[in-house]
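Structure, as structure tokens:
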Amino acid sequence: MQAVRFVNHFFGQKHAVRLTLLYVAPQPPAVYLDDSDVYHRKRWTEDWKRGQEHRAQELLAQGKTALVDSGFLAKGISTKFIFSQYGSAKDLIQESAKGHFDALVLGRRGLSRFEELFVDSVTKRIMNEELSFPIWVCQRPERRRKNVLVAVDGSEPCVQIADHVGFIVADQPEQNVVLAHIPNSQIPESEYQGFFEHALASLLENGVSRERIQTKVLSGASPAFALQQEADTGRYAVVAVGRTGASGPGYFSMGSVSRTLLAKLEGAALWVSPSLCRLKS
């Protein structure tokens, strides 16, 4: 439901947005009965599956009702229930790719550092896969936040995430975009200004008006810290990054940035566009 809440809060213009709510249920656990008792094993499995589907349909209906109540059109919202075939992460990836969705939106509960040592979350597993679509990770989204903070470093994934942001917010005039770069002493200002120009061009091509776009040069102990600090100070709804940045002087590793933000960012959603991202499907 964190994903549902974020979508509700972020989209002011809702009528053109199409959504699919997906529930992936686990396979029934193994039942150790006498081999001759095939009937009871089959009946137990069928009852277990019915219970899972009943619970799923209740949650899917709850999510759809929340979306419709906030202004989304009922005819634009689909629901789907499946049993896991390959593990939740791979099932979500497969369904997203098969459906040619523009993004996979995930809710994520916060984990303590102790829990992180032992829990290999679905979100973390998805982040480690090669994807053909962006993912949005929503961890305790805050209702009154707005606007999108886009990290740029001149790499192709950062240009792609700017393109994705432009595609999403072009018809959402209440959401502005801030392009941010965290420079270091090894790169001249003229070069990182070029980073802004490439990302700006992507936004303009998608129809985002120039007056809705700003640029900022940030500073901080690390790129992830600088982005998180700016997100909190500016009360942004979204921090958008490319998953794999360029290497060499003047660039920062967006892979490490996205992993750090995944662990620490709250209040704002994290949008991540991998290098194989297929935009505007």
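Chain lettering (A, B, ...) mirrors the order of the structure tokens, residue numbering begins at 1 for each chain separately, and ligand numbering begins at 1 in order of display.
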
Contacts of segment 267-270 of chain A at 8 Å or less, counting only C-alpha atoms, minus same-chain residues fewer than 3 places along, as a list in words?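 Neighbouring residues, sequence-local ones excluded: Phe6, Trp136, Val137, Cys138, Gln139, Arg140, Pro141, Glu142, Arg145, Ala231, Arg235, Tyr236, Ala237, Val238, Val239, Ala240, Val241, Leu261 and Leu262 of chain A.
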
DSSP alpha helix (DSSP H) selection over segment 14-176 of chain A, as number ranges by chain: A: 38-69, 88-98, 113-116, 122-127, 156-169

Residues within 8 Å of segment 212-225 of chain A, only C-alpha atoms, excluding chain neighbours under 3 positions, as a ChimeraX atom specification: /A:175-183,196,200,208-209,228-230,252,257-258,260-261

Please return, as a PDB file with N, CA and C atoms, in the first residue's frame, all residues of segment 27-220 of chain A that DSSP assigns to strand (DSSP E or B) on the basis of the backbone.
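Once everything was written out, this is out_17.pdb:
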ATOM      1  N   ILE A  77      -7.588   1.002 -14.230  1.00  0.00           N
ATOM      2  CA  ILE A  77      -6.896   0.217 -13.212  1.00  0.00           C
ATOM      3  C   ILE A  77      -7.222  -1.262 -13.397  1.00  0.00           C
ATOM      4  N   SER A  78      -6.201  -2.073 -13.594  1.00  0.00           N
ATOM      5  CA  SER A  78      -6.360  -3.522 -13.701  1.00  0.00           C
ATOM      6  C   SER A  78      -5.778  -4.184 -12.456  1.00  0.00           C
ATOM      7  N   THR A  79      -6.240  -5.365 -12.161  1.00  0.00           N
ATOM      8  CA  THR A  79      -5.661  -6.154 -11.069  1.00  0.00           C
ATOM      9  C   THR A  79      -5.274  -7.520 -11.616  1.00  0.00           C
ATOM     10  N   LYS A  80      -4.220  -8.092 -11.037  1.00  0.00           N
ATOM     11  CA  LYS A  80      -3.756  -9.400 -11.484  1.00  0.00           C
ATOM     12  C   LYS A  80      -3.214 -10.180 -10.301  1.00  0.00           C
ATOM     13  N   PHE A  81      -3.573 -11.455 -10.251  1.00  0.00           N
ATOM     14  CA  PHE A  81      -3.105 -12.358  -9.203  1.00  0.00           C
ATOM     15  C   PHE A  81      -2.398 -13.539  -9.850  1.00  0.00           C
ATOM     16  N   ILE A  82      -1.199 -13.842  -9.365  1.00  0.00           N
ATOM     17  CA  ILE A  82      -0.474 -15.018  -9.859  1.00  0.00           C
ATOM     18  C   ILE A  82       0.194 -15.725  -8.690  1.00  0.00           C
ATOM     19  N   PHE A  83       0.456 -17.016  -8.873  1.00  0.00           N
ATOM     20  CA  PHE A  83       1.299 -17.740  -7.937  1.00  0.00           C
ATOM     21  C   PHE A  83       2.736 -17.671  -8.439  1.00  0.00           C
ATOM     22  N   LEU A 104       7.996  -0.178 -12.790  1.00  0.00           N
ATOM     23  CA  LEU A 104       7.552  -1.101 -11.750  1.00  0.00           C
ATOM     24  C   LEU A 104       7.620  -0.351 -10.427  1.00  0.00           C
ATOM     25  N   VAL A 105       6.479  -0.218  -9.760  1.00  0.00           N
ATOM     26  CA  VAL A 105       6.383   0.554  -8.518  1.00  0.00           C
ATOM     27  C   VAL A 105       6.331  -0.411  -7.344  1.00  0.00           C
ATOM     28  N   LEU A 106       7.269  -0.255  -6.418  1.00  0.00           N
ATOM     29  CA  LEU A 106       7.389  -1.162  -5.282  1.00  0.00           C
ATOM     30  C   LEU A 106       7.254  -0.394  -3.974  1.00  0.00           C
ATOM     31  N   GLY A 107       6.451  -0.915  -3.057  1.00  0.00           N
ATOM     32  CA  GLY A 107       6.454  -0.406  -1.694  1.00  0.00           C
ATOM     33  C   GLY A 107       7.513  -1.161  -0.911  1.00  0.00           C
ATOM     34  N   ILE A 135      12.480   1.261 -12.117  1.00  0.00           N
ATOM     35  CA  ILE A 135      11.739   0.881 -10.914  1.00  0.00           C
ATOM     36  C   ILE A 135      11.601   2.096 -10.009  1.00  0.00           C
ATOM     37  N   TRP A 136      10.469   2.159  -9.328  1.00  0.00           N
ATOM     38  CA  TRP A 136      10.201   3.200  -8.340  1.00  0.00           C
ATOM     39  C   TRP A 136      10.072   2.510  -6.982  1.00  0.00           C
ATOM     40  N   VAL A 137      10.882   2.899  -6.027  1.00  0.00           N
ATOM     41  CA  VAL A 137      10.842   2.303  -4.693  1.00  0.00           C
ATOM     42  C   VAL A 137      10.275   3.332  -3.722  1.00  0.00           C
ATOM     43  N   CYS A 138       9.190   2.970  -3.060  1.00  0.00           N
ATOM     44  CA  CYS A 138       8.472   3.895  -2.179  1.00  0.00           C
ATOM     45  C   CYS A 138       8.591   3.424  -0.736  1.00  0.00           C
ATOM     46  N   VAL A 148      10.747  16.636  -8.456  1.00  0.00           N
ATOM     47  CA  VAL A 148      11.658  15.519  -8.718  1.00  0.00           C
ATOM     48  C   VAL A 148      13.089  16.028  -8.773  1.00  0.00           C
ATOM     49  N   LEU A 149      13.960  15.412  -7.982  1.00  0.00           N
ATOM     50  CA  LEU A 149      15.393  15.713  -7.966  1.00  0.00           C
ATOM     51  C   LEU A 149      16.103  14.666  -8.812  1.00  0.00           C
ATOM     52  N   VAL A 150      16.763  15.097  -9.889  1.00  0.00           N
ATOM     53  CA  VAL A 150      17.393  14.164 -10.833  1.00  0.00           C
ATOM     54  C   VAL A 150      18.912  14.314 -10.756  1.00  0.00           C
ATOM     55  N   ALA A 151      19.611  13.233 -10.434  1.00  0.00           N
ATOM     56  CA  ALA A 151      21.073  13.249 -10.381  1.00  0.00           C
ATOM     57  C   ALA A 151      21.630  13.111 -11.792  1.00  0.00           C
ATOM     58  N   VAL A 177      11.112  19.949 -11.891  1.00  0.00           N
ATOM     59  CA  VAL A 177      12.289  19.086 -11.940  1.00  0.00           C
ATOM     60  C   VAL A 177      13.528  19.898 -11.615  1.00  0.00           C
ATOM     61  N   VAL A 178      14.368  19.359 -10.736  1.00  0.00           N
ATOM     62  CA  VAL A 178      15.662  19.957 -10.415  1.00  0.00           C
ATOM     63  C   VAL A 178      16.758  18.987 -10.820  1.00  0.00           C
ATOM     64  N   LEU A 179      17.638  19.417 -11.732  1.00  0.00           N
ATOM     65  CA  LEU A 179      18.794  18.622 -12.139  1.00  0.00           C
ATOM     66  C   LEU A 179      19.949  18.953 -11.208  1.00  0.00           C
ATOM     67  N   ALA A 180      20.563  17.928 -10.627  1.00  0.00           N
ATOM     68  CA  ALA A 180      21.613  18.153  -9.626  1.00  0.00           C
ATOM     69  C   ALA A 180      22.874  17.391  -9.985  1.00  0.00           C
ATOM     70  N   HIS A 181      24.021  18.046  -9.802  1.00  0.00           N
ATOM     71  CA  HIS A 181      25.316  17.397  -9.985  1.00  0.00           C
ATOM     72  C   HIS A 181      26.180  17.683  -8.767  1.00  0.00           C
ATOM     73  N   ILE A 213      12.046  23.725 -14.903  1.00  0.00           N
ATOM     74  CA  ILE A 213      13.316  23.019 -14.724  1.00  0.00           C
ATOM     75  C   ILE A 213      14.357  23.947 -14.116  1.00  0.00           C
ATOM     76  N   GLN A 214      15.036  23.463 -13.073  1.00  0.00           N
ATOM     77  CA  GLN A 214      16.144  24.190 -12.458  1.00  0.00           C
ATOM     78  C   GLN A 214      17.384  23.295 -12.451  1.00  0.00           C
ATOM     79  N   THR A 215      18.541  23.899 -12.263  1.00  0.00           N
ATOM     80  CA  THR A 215      19.781  23.139 -12.079  1.00  0.00           C
ATOM     81  C   THR A 215      20.420  23.553 -10.766  1.00  0.00           C
ATOM     82  N   LYS A 216      21.068  22.600 -10.115  1.00  0.00           N
ATOM     83  CA  LYS A 216      21.756  22.869  -8.853  1.00  0.00           C
ATOM     84  C   LYS A 216      23.073  22.114  -8.808  1.00  0.00           C
ATOM     85  N   VAL A 217      24.077  22.762  -8.263  1.00  0.00           N
ATOM     86  CA  VAL A 217      25.344  22.100  -7.977  1.00  0.00           C
ATOM     87  C   VAL A 217      25.376  21.855  -6.472  1.00  0.00           C
TER      88      VAL A 217
END

One number please: atom CA of Thr65 of chain A to atom CA of Val24 of chain A, in Å, one decimal.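 Going from atom CA of Thr65 of chain A over to atom CA of Val24 of chain A covers 19.3 Å.
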
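Here atom CA of Val7 of chain A stands at a distance of 11.5 Å from atom CA of Val68 of chain A.
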
Spatial neighbours of Leu204 of chain A, 12 Å, only C-alpha atoms, chain gap at least 2 places, as a VMD selection string: chain A and resid 162 to 167 169 to 170 177 197 to 202 206 to 213

Could those selected residues go to a file with C-alpha atoms, as a short mmCIF file (atom, residue, chain, number, x, y, z; two decimals), in the first residue's frame?
data_model
loop_
_atom_site.label_atom_id
_atom_site.label_comp_id
_atom_site.auth_asym_id
_atom_site.auth_seq_id
_atom_site.Cartn_x
_atom_site.Cartn_y
_atom_site.Cartn_z
CA ALA A 162 16.09 12.33 -17.10
CA ASP A 163 14.20 11.15 -20.20
CA HIS A 164 11.99 8.92 -18.05
CA VAL A 165 11.30 11.75 -15.60
CA GLY A 166 10.37 14.04 -18.49
CA PHE A 167 8.02 11.44 -19.93
CA VAL A 169 5.97 14.60 -15.43
CA ALA A 170 5.28 16.29 -18.79
CA VAL A 177 12.29 19.09 -11.94
CA GLU A 197 22.54 20.51 -21.02
CA HIS A 198 22.14 16.86 -22.07
CA ALA A 199 19.63 16.13 -19.29
CA LEU A 200 17.80 19.41 -19.97
CA ALA A 201 17.44 18.49 -23.64
CA SER A 202 15.80 15.18 -22.66
CA ASN A 206 9.37 15.25 -23.57
CA GLY A 207 7.39 18.47 -23.30
CA VAL A 208 8.46 19.75 -19.86
CA SER A 209 8.49 23.56 -20.10
CA ARG A 210 11.76 25.34 -19.36
CA GLU A 211 10.30 27.33 -16.46
CA ARG A 212 9.63 24.05 -14.62
CA ILE A 213 13.32 23.02 -14.72
#

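The two atoms in question, atom CA of Leu73 of chain A and atom CA of Ala56 of chain A, are spaced 21.4 Å apart.
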
Counting only C-alpha atoms, the option among A:Ala3, A:Ala226, A:Met127, A:Ala103 closest to Arg259 of chain A: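 With only C-alpha atoms as the atom set, the closest residue is A:Met127.
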
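Those residues that approach Tyr86 of chain A to within 12 Å, counting only C-alpha atoms, are Val24, Ala25, Pro26, Gln27, Ile82, Phe83, Ser84, Ser88, Ala89, Lys90, Asp91, Leu92, Ile93, Gln94 and Glu95 of chain A; same-chain residues fewer than 2 positions away are not listed.
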